[in-house]
$ cat work.cif   # mmCIF, C-alpha atoms
data_final
loop_
_atom_site.label_atom_id
_atom_site.label_comp_id
_atom_site.auth_asym_id
_atom_site.auth_seq_id
_atom_site.Cartn_x
_atom_site.Cartn_y
_atom_site.Cartn_z
CA MET A 1 -39.05 -28.75 24.45
CA LYS A 2 -37.76 -32.16 23.44
CA LYS A 3 -34.18 -33.22 24.12
CA GLU A 4 -33.58 -33.64 20.37
CA ASN A 5 -34.58 -30.02 19.70
CA LYS A 6 -32.32 -28.72 22.50
CA PHE A 7 -29.45 -30.76 21.09
CA ILE A 8 -30.02 -29.39 17.56
CA ILE A 9 -30.15 -25.81 18.87
CA ALA A 10 -26.92 -26.37 20.84
CA VAL A 11 -25.22 -27.77 17.74
CA ILE A 12 -26.38 -24.81 15.62
CA ILE A 13 -25.14 -22.27 18.22
CA SER A 14 -21.79 -24.07 18.46
CA ALA A 15 -21.48 -24.08 14.67
CA ILE A 16 -22.22 -20.33 14.51
CA ILE A 17 -19.58 -19.60 17.17
CA ALA A 18 -17.03 -21.78 15.37
CA LEU A 19 -17.82 -20.15 12.02
CA THR A 20 -17.43 -16.69 13.55
CA GLY A 21 -13.99 -17.70 14.85
CA VAL A 22 -12.94 -19.05 11.45
CA ILE A 23 -14.08 -15.85 9.73
CA PHE A 24 -12.16 -13.71 12.24
CA PHE A 25 -8.94 -15.67 11.91
CA THR A 26 -9.24 -15.89 8.13
CA TYR A 27 -10.04 -12.25 7.40
CA LYS A 28 -9.50 -9.98 10.39
CA TYR A 29 -6.55 -11.55 12.22
CA PRO A 30 -4.07 -11.19 9.30
CA ILE A 31 -4.89 -7.46 9.10
CA TYR A 32 -4.59 -7.13 12.90
CA LYS A 33 -1.21 -8.91 12.79
CA ALA A 34 0.02 -6.79 9.86
CA ASN A 35 -0.86 -3.62 11.78
CA LYS A 36 1.01 -4.94 14.84
CA ASP A 37 4.05 -5.82 12.68
CA VAL A 38 4.41 -2.24 11.41
CA GLU A 39 4.96 -1.02 14.97
CA SER A 40 8.59 -2.07 14.48
CA ILE A 41 9.03 0.22 11.45
CA GLU A 42 10.99 3.33 12.37
CA VAL A 43 9.62 6.35 10.55
CA GLY A 44 11.98 9.24 9.79
CA ASP A 45 14.92 10.36 7.72
CA ASN A 46 18.12 8.31 7.61
CA GLU A 47 20.43 10.23 9.97
CA GLU A 48 23.52 8.60 8.44
CA LEU A 49 22.92 10.64 5.27
CA GLU A 50 23.46 14.05 6.88
CA THR A 51 25.94 15.03 4.18
CA THR A 52 23.17 14.83 1.56
CA ALA A 53 20.53 17.49 2.09
CA LEU A 54 17.08 15.95 1.66
CA GLU A 55 16.08 18.64 -0.80
CA ASN A 56 18.92 17.45 -3.09
CA ILE A 57 17.85 13.81 -3.13
CA GLU A 58 16.13 14.19 -6.47
CA GLN A 59 19.53 15.05 -7.96
CA ASP A 60 20.84 11.56 -7.19
CA ILE A 61 21.40 9.47 -10.29
CA ILE A 62 18.69 6.81 -10.53
CA HIS A 63 18.94 4.43 -13.47
CA TYR A 64 16.36 2.27 -15.19
CA ASP A 65 15.34 -0.69 -13.00
CA ASP A 66 17.40 0.49 -10.00
CA GLU A 67 16.06 -0.61 -6.63
CA ILE A 68 14.25 2.27 -4.92
CA GLY A 69 12.92 0.73 -1.70
CA THR A 70 9.91 -1.17 -0.37
CA LEU A 71 6.20 -0.57 0.24
CA THR A 72 4.12 -1.85 3.16
CA ILE A 73 0.33 -1.44 3.44
CA PRO A 74 -0.95 -3.43 6.44
CA ASP A 75 -4.67 -3.08 5.66
CA ILE A 76 -4.27 -4.90 2.32
CA LEU A 77 -1.60 -7.32 3.60
CA LEU A 78 1.19 -5.89 1.44
CA ASP A 79 4.51 -6.40 3.24
CA ASN A 80 7.87 -5.03 2.06
CA ALA A 81 7.02 -5.23 -1.63
CA PRO A 82 10.05 -4.27 -3.77
CA ILE A 83 10.06 -1.03 -5.78
CA ARG A 84 12.23 -0.35 -8.85
CA GLU A 85 12.71 2.62 -11.14
CA SER A 86 10.49 2.47 -14.26
CA VAL A 87 6.92 1.59 -15.08
CA GLU A 88 7.84 -0.48 -18.12
CA LEU A 89 6.15 -3.89 -18.37
CA THR A 90 9.42 -5.72 -17.71
CA THR A 91 9.76 -3.92 -14.37
CA LEU A 92 6.08 -4.24 -13.43
CA SER A 93 6.17 -7.98 -14.14
CA LYS A 94 8.30 -8.49 -11.01
CA THR A 95 8.08 -5.39 -8.79
CA ILE A 96 6.20 -2.20 -8.08
CA GLY A 97 7.35 0.50 -10.50
CA HIS A 98 8.32 4.09 -9.70
CA PHE A 99 7.25 6.77 -12.19
CA PRO A 100 10.57 8.43 -13.19
CA SER A 101 8.82 11.81 -13.56
CA THR A 102 7.88 11.85 -9.84
CA SER A 103 9.86 12.40 -6.65
CA ILE A 104 11.97 9.72 -5.02
CA TYR A 105 11.50 10.82 -1.39
CA GLU A 106 10.38 14.42 -0.83
CA GLY A 107 7.23 15.59 -2.64
CA ASN A 108 4.85 13.37 -4.63
CA VAL A 109 6.13 9.80 -5.03
CA GLY A 110 4.29 8.00 -7.86
CA LEU A 111 4.10 4.19 -7.95
CA ALA A 112 2.34 1.66 -10.19
CA SER A 113 1.75 -2.08 -10.10
CA HIS A 114 -0.37 -4.78 -11.68
CA ASN A 115 -3.40 -6.10 -9.83
CA SER A 116 -3.73 -9.48 -11.57
CA GLY A 117 -2.23 -11.83 -14.13
CA SER A 118 1.41 -11.36 -13.18
CA ASN A 119 4.00 -12.22 -10.54
CA GLY A 120 4.10 -8.48 -9.99
CA ASP A 121 0.45 -8.15 -8.95
CA PHE A 122 1.32 -6.29 -5.74
CA PHE A 123 -1.75 -4.04 -6.01
CA LYS A 124 -4.24 -6.92 -6.29
CA ASN A 125 -5.90 -5.84 -3.03
CA LEU A 126 -5.55 -2.08 -3.54
CA LYS A 127 -9.28 -1.86 -4.34
CA ASN A 128 -9.90 -2.82 -0.68
CA ILE A 129 -7.88 0.02 0.82
CA LYS A 130 -9.83 2.53 2.91
CA ILE A 131 -9.56 6.25 3.53
CA GLY A 132 -7.35 6.48 6.62
CA SER A 133 -5.29 3.35 5.88
CA GLU A 134 -1.55 3.68 6.49
CA ILE A 135 1.16 3.25 3.86
CA TYR A 136 4.87 2.85 4.70
CA TYR A 137 7.50 3.76 2.09
CA GLN A 138 11.03 2.63 3.01
CA THR A 139 14.13 3.85 1.15
CA ASN A 140 17.82 4.45 1.81
CA TYR A 141 16.90 8.06 2.56
CA GLY A 142 14.51 7.09 5.34
CA THR A 143 10.98 5.84 5.92
CA LYS A 144 7.79 7.79 5.47
CA ARG A 145 4.32 7.02 6.82
CA TYR A 146 1.34 8.20 4.80
CA VAL A 147 -2.40 8.17 5.46
CA VAL A 148 -4.82 7.57 2.56
CA THR A 149 -6.95 10.63 1.73
CA ILE A 150 -8.10 9.91 -1.85
CA LYS A 151 -9.35 6.74 -3.53
CA LYS A 152 -10.98 7.17 -6.92
CA ILE A 153 -11.34 5.82 -10.44
CA ILE A 154 -9.67 8.04 -13.02
CA SER A 155 -9.14 8.00 -16.78
CA GLU A 156 -6.05 6.18 -18.05
CA GLU A 157 -4.99 9.53 -19.55
CA ASP A 158 -5.33 11.50 -16.29
CA TRP A 159 -1.79 12.17 -15.07
CA SER A 160 -2.75 15.09 -12.81
CA TYR A 161 -2.36 13.08 -9.60
CA LEU A 162 1.33 12.52 -10.41
CA GLY A 163 2.10 16.24 -10.52
CA THR A 164 4.44 18.15 -8.22
CA THR A 165 3.06 18.90 -4.76
CA GLU A 166 4.14 21.21 -1.93
CA ASP A 167 3.54 18.49 0.67
CA ASN A 168 4.88 14.95 0.89
CA ARG A 169 2.49 12.37 -0.52
CA ILE A 170 2.44 9.05 -2.31
CA THR A 171 0.28 8.18 -5.31
CA LEU A 172 -0.53 4.56 -6.20
CA ILE A 173 -2.00 3.66 -9.60
CA THR A 174 -3.27 0.34 -10.96
CA CYS A 175 -5.68 -0.94 -13.59
CA VAL A 176 -9.40 -1.44 -13.00
CA ALA A 177 -10.76 -4.92 -13.81
CA GLY A 178 -13.03 -4.87 -16.82
CA GLN A 179 -12.38 -1.17 -17.61
CA LYS A 180 -9.32 -0.86 -19.85
CA ASP A 181 -9.56 2.92 -20.07
CA LYS A 182 -9.77 3.45 -16.28
CA ARG A 183 -7.28 3.39 -13.42
CA LEU A 184 -7.64 3.15 -9.66
CA CYS A 185 -5.78 6.04 -8.03
CA VAL A 186 -4.98 6.05 -4.31
CA GLN A 187 -3.28 9.07 -2.81
CA ALA A 188 -1.98 9.43 0.74
CA VAL A 189 -0.35 12.34 2.57
CA GLU A 190 2.56 12.09 4.98
CA SER A 191 1.53 11.60 8.60
CA MET A 192 3.85 12.37 11.49
CA ASP A 193 1.49 11.58 14.37
CA GLY A 194 1.98 7.82 14.43
CA MET A 195 -1.74 7.08 14.59
CA ASN A 196 -3.34 4.28 12.61
CA TYR A 197 -6.52 5.46 10.94
CA GLY A 198 -7.08 2.11 9.18
CA GLN A 199 -10.06 -0.15 9.76
#

$ encode --input "work.cif" --output "structure tokens"
Amino acid sequence: MKKENKFIIAVIISAIIALTGVIFFTYKYPIYKANKDVESIEVGDNEELETTALENIEQDIIHYDDEIGTLTIPDILLDNAPIRESVELTTLSKTIGHFPSTSIYEGNVGLASHNSGSNGDFFKNLKNIKIGSEIYYQTNYGTKRYVVTIKKIISEEDWSYLGTTEDNRITLITCVAGQKDKRLCVQAVESMDGMNYGQ
């Protein structure tokens, strides 16, 4: 084999190795880092609120546009995104919105956000979430960890996933690009085992 051919092969192999490294650090490393960052999140109820029984949290007075908490989803690089009460366009233009008809902490917490065309496009990568991905919901009442169990396209008129549940879960809803009458619905159930099922 000629020296020129060996040199070309060496250059091609080096380029492939370099490209692999770039792809890893561009796509996989941020997700790896986000998953490492959530190790500092303490999951559990806020022990300083012992005087308020958790089952009575829903009785607290929450007003339109009040701050509810934050949402972190490492697998889609969402970090401490703000949540406010209401799913009106004015709220969704700047934060994730909480459906007032759903629970605040115990039960089924319903949240919505834009996925494009707005400063409030916090769910722009929600379509990339996987079954088993972790979701962290932080409030004054405490922090809950959920694991994704459902990801499906639903009708814009299907409100069944926001109904009352016996267990603790979180339901995320956003639009579907190019399908005005459809919504992406992601539902996750509370996980106490501390394991990361994400990819």

$ atom_distance --input "work.cif" --atom1 "atom CA of Glu166 of chain A" --atom2 "atom CA of Leu78 of chain A"
27.5 Å

$ closest_residue --input "work.cif" --among "A:Ala15, A:Ile104, A:Leu126, A:Val148" --to "Thr164 of chain A" --atoms "all atoms listed in the file"
A:Ile104

$ closest_residue --input "work.cif" --among "A:Ser116, A:Thr139, A:Thr174, A:Ser40" --to "Ser155 of chain A" --atoms "all atoms listed in the file"
A:Thr174

$ closest_residue --input "work.cif" --among "A:Lys182, A:Lys151, A:His114, A:Lys6" --to "Leu89 of chain A" --atoms "only C-alpha atoms"
A:His114

$ residues_around --input "work.cif" --residues "segment 107-111 of chain A" --least-positions-apart "2" --cutoff "10 Å" --atoms "only C-alpha atoms" --output "ChimeraX atom specification"
/A:55,58,71,83-87,96-105,113,137,161-174,186-190

$ closest_residue --input "work.cif" --among "A:Thr90, A:Thr95, A:Asn119, A:Asn125" --to "Ala177 of chain A" --atoms "all atoms listed in the file"
A:Asn125

$ closest_residue --input "work.cif" --among "A:Leu19, A:Lys94, A:Asp75, A:Ala81" --to "Ile131 of chain A" --atoms "only C-alpha atoms"
A:Asp75
